[in-house]
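Asker: Data file run.cif (mmCIF, C-alpha atoms (C1' of nucleotides)) is appended below.
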data_structure
#
loop_
_atom_site.label_atom_id
_atom_site.label_comp_id
_atom_site.auth_asym_id
_atom_site.auth_seq_id
_atom_site.Cartn_x
_atom_site.Cartn_y
_atom_site.Cartn_z
CA MET A 20 0.00 0.00 0.00
CA ALA A 21 1.37 3.39 -0.96
CA ALA A 22 1.05 6.50 1.14
CA ALA A 23 -2.43 7.94 1.13
CA ASP A 24 -3.34 10.25 -1.68
CA GLY A 25 -6.44 12.26 -1.00
CA HIS A 26 -8.49 10.10 -3.35
CA ASP A 27 -8.69 6.94 -1.31
CA PRO A 28 -12.22 6.93 0.12
CA VAL A 29 -11.01 5.38 3.36
CA HIS A 30 -8.45 8.10 3.80
CA LEU A 31 -11.12 10.64 3.00
CA PHE A 32 -13.22 9.24 5.82
CA VAL A 33 -10.25 9.39 8.18
CA GLU A 34 -9.73 13.06 7.47
CA ARG A 35 -13.40 13.97 7.62
CA MET A 36 -13.97 12.19 10.89
CA ALA A 37 -10.81 13.66 12.37
CA LEU A 38 -11.92 17.14 11.35
CA THR A 39 -15.27 16.59 13.03
CA PHE A 40 -13.58 15.47 16.23
CA ALA A 41 -11.22 18.43 16.07
CA GLU A 42 -14.22 20.73 15.96
CA VAL A 43 -15.29 19.62 19.41
CA GLY A 44 -11.90 20.12 20.97
CA PHE A 45 -10.13 16.85 20.21
CA PRO A 46 -6.47 17.23 19.14
CA ARG A 47 -6.29 17.12 15.36
CA MET A 48 -3.35 14.83 14.85
CA ALA A 49 -4.50 12.43 17.55
CA ALA A 50 -7.82 12.10 15.77
CA ARG A 51 -6.14 11.42 12.43
CA VAL A 52 -4.02 8.70 13.97
CA LEU A 53 -6.97 7.23 15.80
CA PHE A 54 -9.08 6.81 12.70
CA THR A 55 -6.17 5.64 10.61
CA VAL A 56 -5.73 2.74 13.00
CA MET A 57 -9.46 2.22 13.28
CA THR A 58 -9.84 1.77 9.54
CA ALA A 59 -6.99 -0.71 9.24
CA ASP A 60 -7.94 -4.36 9.46
CA ASP A 61 -4.61 -5.17 11.12
CA PRO A 62 -2.56 -3.29 13.70
CA LEU A 63 -0.17 -0.67 12.31
CA THR A 64 3.32 0.36 13.28
CA ALA A 65 4.20 3.98 13.97
CA ALA A 66 6.03 4.13 10.65
CA GLU A 67 2.97 2.86 8.77
CA ILE A 68 0.75 5.42 10.45
CA GLY A 69 3.13 8.22 9.55
CA GLU A 70 3.37 6.98 5.98
CA ARG A 71 -0.38 6.78 5.50
CA LEU A 72 -0.92 10.26 6.84
CA GLY A 73 2.21 11.78 5.36
CA VAL A 74 3.37 13.16 8.69
CA SER A 75 6.58 12.99 10.66
CA ALA A 76 7.48 10.35 13.22
CA ALA A 77 7.45 13.07 15.84
CA ALA A 78 3.82 13.85 15.15
CA VAL A 79 2.90 10.18 15.40
CA SER A 80 4.82 9.87 18.63
CA GLY A 81 2.92 12.70 20.27
CA ALA A 82 -0.43 11.47 19.04
CA VAL A 83 -0.05 7.87 20.19
CA ARG A 84 1.15 9.02 23.58
CA TYR A 85 -2.00 11.09 23.91
CA LEU A 86 -4.29 8.32 22.72
CA THR A 87 -2.82 5.51 24.81
CA GLN A 88 -3.19 7.65 27.94
CA PHE A 89 -6.96 7.37 27.61
CA GLY A 90 -6.93 3.79 26.41
CA MET A 91 -8.19 4.78 22.99
CA LEU A 92 -5.23 3.03 21.41
CA VAL A 93 -3.32 -0.03 22.53
CA ARG A 94 0.40 -0.38 22.00
CA GLU A 95 1.95 -3.79 21.70
CA PRO A 96 5.55 -4.72 20.88
CA VAL A 97 6.16 -6.74 17.75
CA PRO A 98 7.91 -10.04 18.58
CA ARG A 99 11.52 -10.26 17.34
CA SER A 100 11.42 -6.62 16.26
CA ARG A 101 12.04 -3.29 17.87
CA ARG A 102 8.83 -1.89 16.52
CA ASP A 103 5.59 -1.43 18.30
CA ARG A 104 2.20 -2.02 16.79
CA TYR A 105 -0.90 0.00 17.53
CA ARG A 106 -4.44 -1.29 17.46
CA MET A 107 -7.89 -0.35 18.71
CA PRO A 108 -8.89 -1.83 22.04
CA GLU A 109 -11.58 -4.50 21.85
CA ASP A 110 -13.98 -2.79 24.18
CA PRO A 111 -15.38 0.37 22.65
CA TRP A 112 -13.30 3.34 23.66
CA TYR A 113 -16.02 5.86 22.85
CA GLU A 114 -18.35 4.50 25.49
CA GLY A 115 -15.74 4.79 28.21
CA THR A 116 -14.48 8.11 26.96
CA ILE A 117 -17.90 9.69 27.06
CA THR A 118 -19.10 8.23 30.33
CA LYS A 119 -15.90 8.48 32.32
CA THR A 120 -14.80 11.93 31.37
CA ALA A 121 -14.49 14.40 34.21
CA ILE A 122 -15.70 17.36 32.21
CA TYR A 123 -19.20 17.30 33.68
CA LYS A 124 -17.80 17.47 37.19
CA THR A 125 -15.75 20.47 36.12
CA PHE A 126 -18.88 22.19 34.86
CA ILE A 127 -20.77 21.36 38.02
CA ASP A 128 -18.01 22.54 40.32
CA ALA A 129 -17.58 25.78 38.43
CA ALA A 130 -21.32 26.43 38.48
CA GLU A 131 -21.51 25.66 42.19
CA GLY A 132 -18.75 28.18 42.74
CA GLY A 133 -20.89 30.69 40.90
CA VAL A 134 -23.88 30.08 43.12
CA VAL A 135 -21.72 30.68 46.16
CA ALA A 136 -20.19 33.81 44.67
CA LEU A 137 -23.68 35.15 44.03
CA ASN A 138 -24.70 34.53 47.66
CA GLY A 139 -27.06 31.67 46.94
CA PRO A 140 -29.93 31.06 44.54
CA ASP A 141 -32.18 33.83 45.82
CA THR A 142 -31.36 36.55 43.33
CA PRO A 143 -32.24 36.38 39.63
CA ALA A 144 -28.60 35.78 38.76
CA GLY A 145 -28.12 33.25 41.54
CA GLU A 146 -31.20 31.35 40.46
CA ARG A 147 -30.05 31.18 36.84
CA VAL A 148 -26.68 29.81 37.79
CA ALA A 149 -28.20 27.35 40.27
CA GLU A 150 -30.49 26.01 37.60
CA MET A 151 -27.60 25.64 35.19
CA ARG A 152 -25.72 23.73 37.87
CA ASP A 153 -28.69 21.43 38.40
CA PHE A 154 -28.96 20.83 34.69
CA PHE A 155 -25.33 19.78 34.52
CA ILE A 156 -25.86 17.45 37.46
CA PHE A 157 -28.83 15.98 35.67
CA VAL A 158 -26.82 15.46 32.48
CA GLN A 159 -24.03 13.79 34.39
CA GLU A 160 -26.47 11.35 35.96
CA GLU A 161 -27.94 10.61 32.57
CA ILE A 162 -24.53 10.05 31.06
CA ASP A 163 -23.53 7.78 33.90
CA SER A 164 -26.38 5.43 33.07
CA LEU A 165 -25.86 5.74 29.35
CA GLY A 166 -23.09 3.16 29.22
CA GLU A 167 -25.29 0.55 30.80
CA ARG A 168 -28.16 1.20 28.39
CA TRP A 169 -25.76 1.05 25.47
CA ARG A 170 -24.59 -2.40 26.41
CA VAL A 171 -28.17 -3.62 26.45
CA ARG A 172 -28.85 -2.08 23.08
CA ARG A 173 -25.64 -3.47 21.72
CA ALA A 174 -26.54 -6.99 22.76
CA GLN A 175 -29.90 -6.62 21.03
CA THR A 176 -28.53 -5.39 17.72
CA GLY A 177 -25.92 -8.07 17.44
CA HIS A 178 -22.66 -6.18 17.79
CA LEU A 179 -21.33 -8.78 20.19
CA ARG A 180 -18.21 -10.57 19.11
CA PRO A 181 -17.84 -14.35 19.42
CA GLY A 182 -17.31 -15.33 23.03
CA GLU A 183 -18.34 -11.97 24.42
CA SER A 184 -21.21 -11.84 26.87
CA ALA A 185 -23.60 -8.94 27.23
CA ALA A 186 -23.81 -9.51 30.96
CA ALA A 187 -20.07 -9.29 31.55
CA PRO A 188 -18.88 -6.52 29.28
CA SER A 189 -15.32 -6.01 30.41
CA GLY A 190 -12.83 -6.25 33.23
CA MET B 11 -19.53 49.46 39.82
CA ALA B 12 -15.93 49.64 38.65
CA ALA B 13 -14.48 47.47 35.96
CA ALA B 14 -13.76 43.97 37.13
CA ASP B 15 -10.50 43.35 38.86
CA GLY B 16 -9.62 39.70 39.16
CA HIS B 17 -10.56 39.64 42.83
CA ASP B 18 -14.32 39.85 42.53
CA PRO B 19 -15.55 36.31 43.17
CA VAL B 20 -18.32 36.71 40.63
CA HIS B 21 -15.88 37.77 37.96
CA LEU B 22 -13.69 34.87 38.95
CA PHE B 23 -16.59 32.54 38.32
CA VAL B 24 -17.25 34.14 34.95
CA GLU B 25 -13.69 33.54 33.84
CA ARG B 26 -13.50 30.01 35.18
CA MET B 27 -16.76 28.96 33.61
CA ALA B 28 -15.82 30.58 30.33
CA LEU B 29 -12.50 28.76 30.34
CA THR B 30 -14.27 25.48 30.88
CA PHE B 31 -16.62 26.15 28.00
CA ALA B 32 -13.70 27.15 25.81
CA GLU B 33 -12.09 23.81 26.50
CA VAL B 34 -14.93 22.02 24.78
CA GLY B 35 -14.83 24.16 21.68
CA PHE B 36 -16.99 27.14 22.66
CA PRO B 37 -15.62 30.52 21.53
CA ARG B 38 -13.78 32.13 24.43
CA MET B 39 -15.08 35.65 24.24
CA ALA B 40 -18.64 34.54 23.64
CA ALA B 41 -18.46 32.45 26.79
CA ARG B 42 -17.11 35.36 28.82
CA VAL B 43 -19.91 37.61 27.61
CA LEU B 44 -22.51 34.92 28.22
CA PHE B 45 -21.58 34.39 31.84
CA THR B 46 -21.12 38.08 32.48
CA VAL B 47 -24.74 38.62 31.51
CA MET B 48 -25.82 35.50 33.33
CA THR B 49 -24.37 36.72 36.62
CA ALA B 50 -25.93 40.16 36.40
CA ASP B 51 -29.28 40.58 38.11
CA ASP B 52 -30.35 43.11 35.50
CA PRO B 53 -29.78 43.24 31.75
CA LEU B 54 -26.51 44.86 30.64
CA THR B 55 -25.63 47.15 27.77
CA ALA B 56 -22.78 46.36 25.41
CA ALA B 57 -20.70 49.08 27.04
CA GLU B 58 -21.25 47.60 30.49
CA ILE B 59 -20.24 44.17 29.28
CA GLY B 60 -17.08 45.54 27.71
CA GLU B 61 -16.25 47.48 30.86
CA ARG B 62 -16.71 44.51 33.17
CA LEU B 63 -14.52 42.31 31.03
CA GLY B 64 -12.05 44.98 30.05
CA VAL B 65 -12.41 44.28 26.33
CA SER B 66 -13.12 46.41 23.30
CA ALA B 67 -16.55 47.18 21.89
CA ALA B 68 -15.59 45.21 18.79
CA ALA B 69 -15.06 42.09 20.83
CA VAL B 70 -18.42 42.49 22.52
CA SER B 71 -20.09 43.06 19.19
CA GLY B 72 -18.77 39.81 17.74
CA ALA B 73 -19.63 37.84 20.84
CA VAL B 74 -23.23 39.01 21.14
CA ARG B 75 -23.82 38.38 17.46
CA TYR B 76 -22.65 34.81 17.95
CA LEU B 77 -24.74 34.30 21.08
CA THR B 78 -27.97 35.80 19.80
CA GLN B 79 -27.80 33.55 16.72
CA PHE B 80 -28.40 30.55 18.97
CA GLY B 81 -30.83 32.32 21.25
CA MET B 82 -28.44 32.12 24.18
CA LEU B 83 -28.71 35.87 24.60
CA VAL B 84 -31.61 38.20 23.96
CA ARG B 85 -31.11 41.72 22.70
CA GLU B 86 -33.64 44.39 23.49
CA PRO B 87 -33.52 48.11 22.74
CA VAL B 88 -33.55 50.52 25.65
CA PRO B 89 -36.53 52.89 25.42
CA ARG B 90 -35.60 56.52 24.68
CA SER B 91 -31.98 55.52 24.17
CA ARG B 92 -29.87 54.26 21.32
CA ARG B 93 -28.42 51.50 23.43
CA ASP B 94 -29.40 47.89 23.45
CA ARG B 95 -29.59 45.73 26.51
CA TYR B 96 -28.70 42.08 26.66
CA ARG B 97 -30.23 39.53 28.96
CA MET B 98 -30.56 35.77 29.31
CA PRO B 99 -33.67 34.23 27.83
CA GLU B 100 -36.16 32.95 30.38
CA ASP B 101 -36.28 29.41 29.11
CA PRO B 102 -33.03 27.56 29.76
CA TRP B 103 -30.80 27.92 26.78
CA TYR B 104 -28.61 24.97 27.73
CA GLU B 105 -31.43 22.50 27.29
CA GLY B 106 -32.18 23.65 23.77
CA THR B 107 -28.56 24.09 22.86
CA ILE B 108 -27.61 20.61 23.87
CA THR B 109 -30.56 18.77 22.45
CA LYS B 110 -30.89 20.68 19.20
CA THR B 111 -27.30 20.79 18.11
CA ALA B 112 -26.52 19.12 14.80
CA ILE B 113 -23.13 17.81 15.84
CA TYR B 114 -24.35 14.26 16.41
CA LYS B 115 -25.74 14.09 12.92
CA THR B 116 -22.37 15.17 11.61
CA PHE B 117 -20.68 12.36 13.52
CA ILE B 118 -23.22 9.85 12.31
CA ASP B 119 -22.96 10.92 8.69
CA ALA B 120 -19.18 10.84 8.75
CA ALA B 121 -19.17 7.39 10.35
CA GLU B 122 -21.70 6.09 7.83
CA GLY B 123 -19.41 7.33 5.07
CA GLY B 124 -16.65 5.30 6.67
CA VAL B 125 -18.70 2.12 6.66
CA VAL B 126 -19.39 2.59 2.97
CA ALA B 127 -15.75 3.33 2.21
CA LEU B 128 -14.78 0.13 3.98
CA ASN B 129 -17.25 -1.91 1.89
CA GLY B 130 -19.66 -2.60 4.70
CA PRO B 131 -19.40 -3.92 8.24
CA ASP B 132 -17.97 -7.34 7.35
CA THR B 133 -14.28 -6.66 7.89
CA PRO B 134 -12.73 -5.95 11.28
CA ALA B 135 -12.30 -2.30 10.34
CA GLY B 136 -15.79 -2.03 8.88
CA GLU B 137 -17.32 -3.57 11.94
CA ARG B 138 -15.52 -1.17 14.26
CA VAL B 139 -16.68 1.84 12.34
CA ALA B 140 -20.24 0.51 12.07
CA GLU B 141 -20.39 0.02 15.79
CA MET B 142 -19.12 3.52 16.41
CA ARG B 143 -21.81 4.83 14.05
CA ASP B 144 -24.48 2.91 15.95
CA PHE B 145 -23.19 4.28 19.22
CA PHE B 146 -23.50 7.83 17.95
CA ILE B 147 -27.03 7.09 16.76
CA PHE B 148 -27.81 5.76 20.21
CA VAL B 149 -26.39 8.83 21.88
CA GLN B 150 -28.37 11.11 19.63
CA GLU B 151 -31.58 9.31 20.52
CA GLU B 152 -30.75 9.57 24.19
CA ILE B 153 -30.00 13.25 23.91
CA ASP B 154 -33.22 13.86 22.03
CA SER B 155 -35.22 12.52 24.94
CA LEU B 156 -33.08 14.24 27.54
CA GLY B 157 -34.83 17.57 27.23
CA GLU B 158 -38.15 16.01 28.03
CA ARG B 159 -36.80 14.22 31.09
CA TRP B 160 -35.17 17.43 32.27
CA ARG B 161 -38.46 19.28 32.25
CA VAL B 162 -39.98 16.61 34.45
CA ARG B 163 -37.07 16.74 36.85
CA ARG B 164 -37.17 20.50 36.88
CA ALA B 165 -40.82 20.55 37.82
CA GLN B 166 -40.10 18.18 40.70
CA THR B 167 -37.21 20.18 42.15
CA GLY B 168 -39.06 23.44 42.09
CA HIS B 169 -37.22 25.43 39.44
CA LEU B 170 -40.49 26.50 37.90
CA ARG B 171 -41.09 30.21 37.79
CA PRO B 172 -44.44 31.76 38.73
CA GLY B 173 -47.04 31.11 36.08
CA GLU B 174 -45.00 28.48 34.28
CA SER B 175 -46.48 25.05 33.79
CA ALA B 176 -44.48 21.86 33.60
CA ALA B 177 -46.84 20.44 30.98
CA ALA B 178 -46.50 23.37 28.57
CA PRO B 179 -42.84 24.31 28.71
CA SER B 180 -42.49 26.73 25.84
CA GLY B 181 -43.93 28.09 22.61
"C1'" DC C 8 -31.07 67.54 7.37
"C1'" DA C 9 -26.86 67.89 9.92
"C1'" DC C 10 -25.25 66.08 14.45
"C1'" DT C 11 -24.33 62.76 17.99
"C1'" DC C 12 -23.81 58.59 20.15
"C1'" DG C 13 -23.65 53.74 19.94
"C1'" DT C 14 -22.69 49.68 17.08
"C1'" DT C 15 -20.50 47.14 13.39
"C1'" DT C 16 -16.89 46.09 10.11
"C1'" DC C 17 -12.21 45.52 8.53
"C1'" DA C 18 -7.21 45.17 8.26
"C1'" DC C 19 -3.70 44.15 11.21
"C1'" DA C 20 -1.01 42.57 15.21
"C1'" DA C 21 -0.37 39.60 19.16
"C1'" DA C 22 -0.71 35.16 20.94
"C1'" DG C 23 -1.34 30.42 20.88
"C1'" DT C 24 -1.21 25.97 18.53
"C1'" DT C 25 0.64 22.45 15.88
"C1'" DG C 26 3.85 19.81 13.18
"C1'" DT C 27 8.76 19.50 11.45
"C1'" DG C 28 13.69 18.38 11.41
"C1'" DA C 29 17.43 17.01 13.91
"C1'" DA C 30 19.60 15.46 17.78
"C1'" DG C 31 19.30 12.32 21.65
"C1'" DA C 32 17.92 8.16 24.18
"C1'" DC C 33 17.05 3.44 24.44
"C1'" DA C 34 16.67 -1.51 23.50
"C1'" DG C 35 17.85 -5.52 21.11
"C1'" DT C 36 21.68 -7.93 18.49
"C1'" DG C 37 25.98 -9.76 16.86
"C1'" DC D 20 30.06 -3.66 24.32
"C1'" DA D 21 29.69 -1.23 20.06
"C1'" DC D 22 26.15 -1.08 16.40
"C1'" DT D 23 21.68 -0.45 14.36
"C1'" DG D 24 17.13 0.72 14.01
"C1'" DT D 25 13.15 2.76 16.40
"C1'" DC D 26 11.02 5.98 19.28
"C1'" DT D 27 11.15 10.43 21.87
"C1'" DT D 28 12.37 15.16 22.90
"C1'" DC D 29 13.25 19.91 21.81
"C1'" DA D 30 13.76 24.37 19.49
"C1'" DC D 31 11.85 26.50 15.77
"C1'" DA D 32 8.75 27.87 11.95
"C1'" DA D 33 4.26 27.94 9.75
"C1'" DC D 34 -0.35 28.49 10.48
"C1'" DT D 35 -4.57 29.69 12.85
"C1'" DT D 36 -7.15 32.12 15.99
"C1'" DT D 37 -8.54 36.02 18.44
"C1'" DG D 38 -9.00 40.74 19.87
"C1'" DT D 39 -7.73 45.67 18.86
"C1'" DG D 40 -7.99 50.39 16.84
"C1'" DA D 41 -9.92 53.10 13.52
"C1'" DA D 42 -13.11 54.11 10.24
"C1'" DA D 43 -17.76 53.49 8.48
"C1'" DC D 44 -22.50 53.01 9.38
"C1'" DG D 45 -27.08 54.16 11.05
"C1'" DA D 46 -30.80 55.46 14.11
"C1'" DG D 47 -32.70 58.87 16.84
"C1'" DT D 48 -32.85 64.17 17.77
"C1'" DG D 49 -32.93 69.10 17.57
#
As structure tokens, how would this structure be written, given the file I've shared?

Answerer:
Amino acid sequence: MAAADGHDPVHLFVERMALTFAEVGFPRMAARVLFTVMTADDPLTAAEIGERLGVSAAAVSGAVRYLTQFGMLVREPVPRSRRDRYRMPEDPWYEGTITKTAIYKTFIDAAEGGVVALNGPDTPAGERVAEMRDFFIFVQEEIDSLGERWRVRRAQTGHLRPGESAAAPSG
Amino acid sequence: MAAADGHDPVHLFVERMALTFAEVGFPRMAARVLFTVMTADDPLTAAEIGERLGVSAAAVSGAVRYLTQFGMLVREPVPRSRRDRYRMPEDPWYEGTITKTAIYKTFIDAAEGGVVALNGPDTPAGERVAEMRDFFIFVQEEIDSLGERWRVRRAQTGHLRPGESAAAPSG
DNA sequence: CACTCGTTTCACAAAGTTGTGAAGACAGTG
DNA sequence: CACTGTCTTCACAACTTTGTGAAACGAGTG
């Protein structure tokens, strides 16, 4: 396989999806690497990733470090070689990423600080901020239960892989 | 009221909250303006917003244009004056903003394009992308129903304003 | 209908972000 | 234990974003 030219539909998808992720605050290069690996049937080495994207080894290095931190990418050494291979984890990273992220707590804490700063929810401003805080709390609760509902749905629509049980999703 | 120095706890909240919003892709200045208005008991003029934040009129102008587009801020002329005042809308903007945003559709469409590019969900790569697509569809459905559940919750916890009915939330 | 005050637009500058090239570090091998 | 190939780190350059100052615009007023 040669390096990607912009005409390969798979590569086009990689770039489009990465762009979309970048729009919501996800690091650009990390997204490109993520979807490059996602769209490869077999694990890729760092060199292969760089070749497909036409970027430097340094860029790949930074991106995989970022991605492995959150478990969105798994690194595994290649036997009898110095290279490492990268692959997607079996359990869906997006579920964990969305449900485990601490961003909601950050919102809630900041909003709570606002309520305090405004001397409680008894002024118009205080009430607005308090309601925003409560909404964020509500969303966090909803998100917390979302992972569980997704597993049920997933079992129903047949995304389970051989040997995987809907009741015992992961370690 | 003097211009904000960094020691006013309310202003501190404004900046913290704005920073948090900025981290998830929301324009910085728009967030600062939004929370400045949110924490004011009474509507503010553009000049007052600029003064509190210590930014130029141009910056305020751009921010309010952005915010009013999504209905997160309401502009109303001041009688017998050339100025406009800005205030928060009564109905919670965050509910509408979160549930009506088109970002999920963008994710879904991009992922669907990936499934097609990979010749369907029958390869390891195709299956991964198809499952991600289905997850995004699931999330969108969940989000769509979230607004409704929030209104119920809101009615229970007493955030209703005088004259407002839980059964008929908005026009 | 000219004047005034507030708002908007536009070109530019400051700041921040992101990826590169090159040097350095590290692990496996002969 | 030096060599080789891979990955990582760092300083820098290109690019993007964001807010400013100044000029233009426009609505209300005498």

Asker: On this structure, which residues satisfy the PyMOL selection byres ((chain B) within 12 of (chain D)), written as a PyMOL selection string?

Answerer: chain B and resi 37-40+64-73+87+89-93

Asker: Choose the residue, out of B:Gly157, B:Gly130, B:Gly136, B:Gly124, that has the smallest atom-to-atom separation from Asp60 in chain A; count only C-alpha atoms.

Answerer: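 The closest residue to Asp60 in chain A is B:Gly136.
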
Asker: How many Å separate CA of Val43 in chain B from CA of Leu38 in chain A?

Answerer: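 Separation of CA of Val43 in chain B and CA of Leu38 in chain A: 27.3 Å.
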
Asker: Could you please select, counting only C-alpha atoms, the residues of chain A within 8 Å of chain B and state them as number ranges by chain?

Answerer: A: 28-29, 32-33, 35-36, 39, 42-44, 57-60, 111, 113-114, 125-126, 129-130, 132-133, 136-137, 142-145, 147-148, 150-151, 154, 157, 169, 178

Asker: Starting from 5 Å padding per side, set up an axis-aligned box that covers all listed atoms of range 141-154 of chain B and hand over centre and edge lengths in Å, one decimal, as AutoDock Vina command-line options.

Answerer:
--center_x -26.2 --center_y 6.9 --center_z 19.1 --size_x 24.1 --size_y 23.8 --size_z 20.1

Asker: For chain A, which residue out of C:DC12, C:DG37, C:DA20, C:DT25 is the nearest one, using all atoms listed in the file?

Answerer: C:DT25

Asker: Could you write out as a compact mmCIF listing (two decimals) with C-alpha atoms (C1' of nucleotides), in the frame of the given file the residues that the PyMOL selection byres ((chain C) within 9 of (chain A)) matches in the shown file?

Answerer:
# COMPACT_ATOMS: atom_id res chain seq x y z
C1' DT C 25 0.64 22.45 15.88
C1' DG C 26 3.85 19.81 13.18
C1' DT C 27 8.76 19.50 11.45
C1' DG C 28 13.69 18.38 11.41
C1' DA C 34 16.67 -1.51 23.50
C1' DG C 35 17.85 -5.52 21.11

Asker: Distance CA of Glu95 in chain A-CA of Glu67 in chain A, one decimal place?

Answerer: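 Spanning CA of Glu95 in chain A to CA of Glu67 in chain A is a straight-line distance of 14.6 Å.
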
Asker: Go ahead and compute the interatomic distance for CA of Pro140 in chain A and CA of Leu44 in chain B, in Å to one decimal.

Answerer: 18.3 Å

Asker: Using only C-alpha atoms, which of the listed residues (A:Lys119, A:Arg106, A:His26, A:Arg152) sits closest to Ala65 in chain A?

Answerer: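 Of the candidates, the smallest distance to Ala65 in chain A is held by A:Arg106.
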
Asker: Using the atoms already present, construct N, CA and C atoms for range 119-130 of chain B and hand them back as a short mmCIF file (atom, residue, chain, number, x, y, z; two decimals), in the coordinates of the input.

Answerer:
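Written out: result.cif:
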data_model
loop_
_atom_site.label_atom_id
_atom_site.label_comp_id
_atom_site.auth_asym_id
_atom_site.auth_seq_id
_atom_site.Cartn_x
_atom_site.Cartn_y
_atom_site.Cartn_z
N ASP B 119 -23.15 10.91 10.14
CA ASP B 119 -22.96 10.92 8.69
C ASP B 119 -21.53 10.55 8.32
N ALA B 120 -20.57 11.13 9.04
CA ALA B 120 -19.18 10.84 8.75
C ALA B 120 -18.89 9.36 8.96
N ALA B 121 -19.40 8.80 10.06
CA ALA B 121 -19.17 7.39 10.35
C ALA B 121 -19.82 6.51 9.29
N GLU B 122 -21.01 6.87 8.87
CA GLU B 122 -21.70 6.09 7.83
C GLU B 122 -20.86 6.09 6.55
N GLY B 123 -20.30 7.25 6.22
CA GLY B 123 -19.41 7.33 5.07
C GLY B 123 -18.24 6.37 5.21
N GLY B 124 -17.76 6.22 6.43
CA GLY B 124 -16.65 5.30 6.67
C GLY B 124 -17.04 3.86 6.42
N VAL B 125 -18.23 3.49 6.87
CA VAL B 125 -18.70 2.12 6.66
C VAL B 125 -18.77 1.81 5.17
N VAL B 126 -19.30 2.77 4.42
CA VAL B 126 -19.39 2.59 2.97
C VAL B 126 -18.00 2.47 2.35
N ALA B 127 -17.10 3.35 2.76
CA ALA B 127 -15.75 3.33 2.21
C ALA B 127 -15.05 2.01 2.50
N LEU B 128 -15.41 1.40 3.61
CA LEU B 128 -14.78 0.13 3.98
C LEU B 128 -15.55 -1.07 3.44
N ASN B 129 -16.47 -0.84 2.53
CA ASN B 129 -17.25 -1.91 1.89
C ASN B 129 -18.09 -2.69 2.89
N GLY B 130 -18.73 -1.96 3.78
CA GLY B 130 -19.66 -2.60 4.70
C GLY B 130 -19.02 -3.09 5.98
#
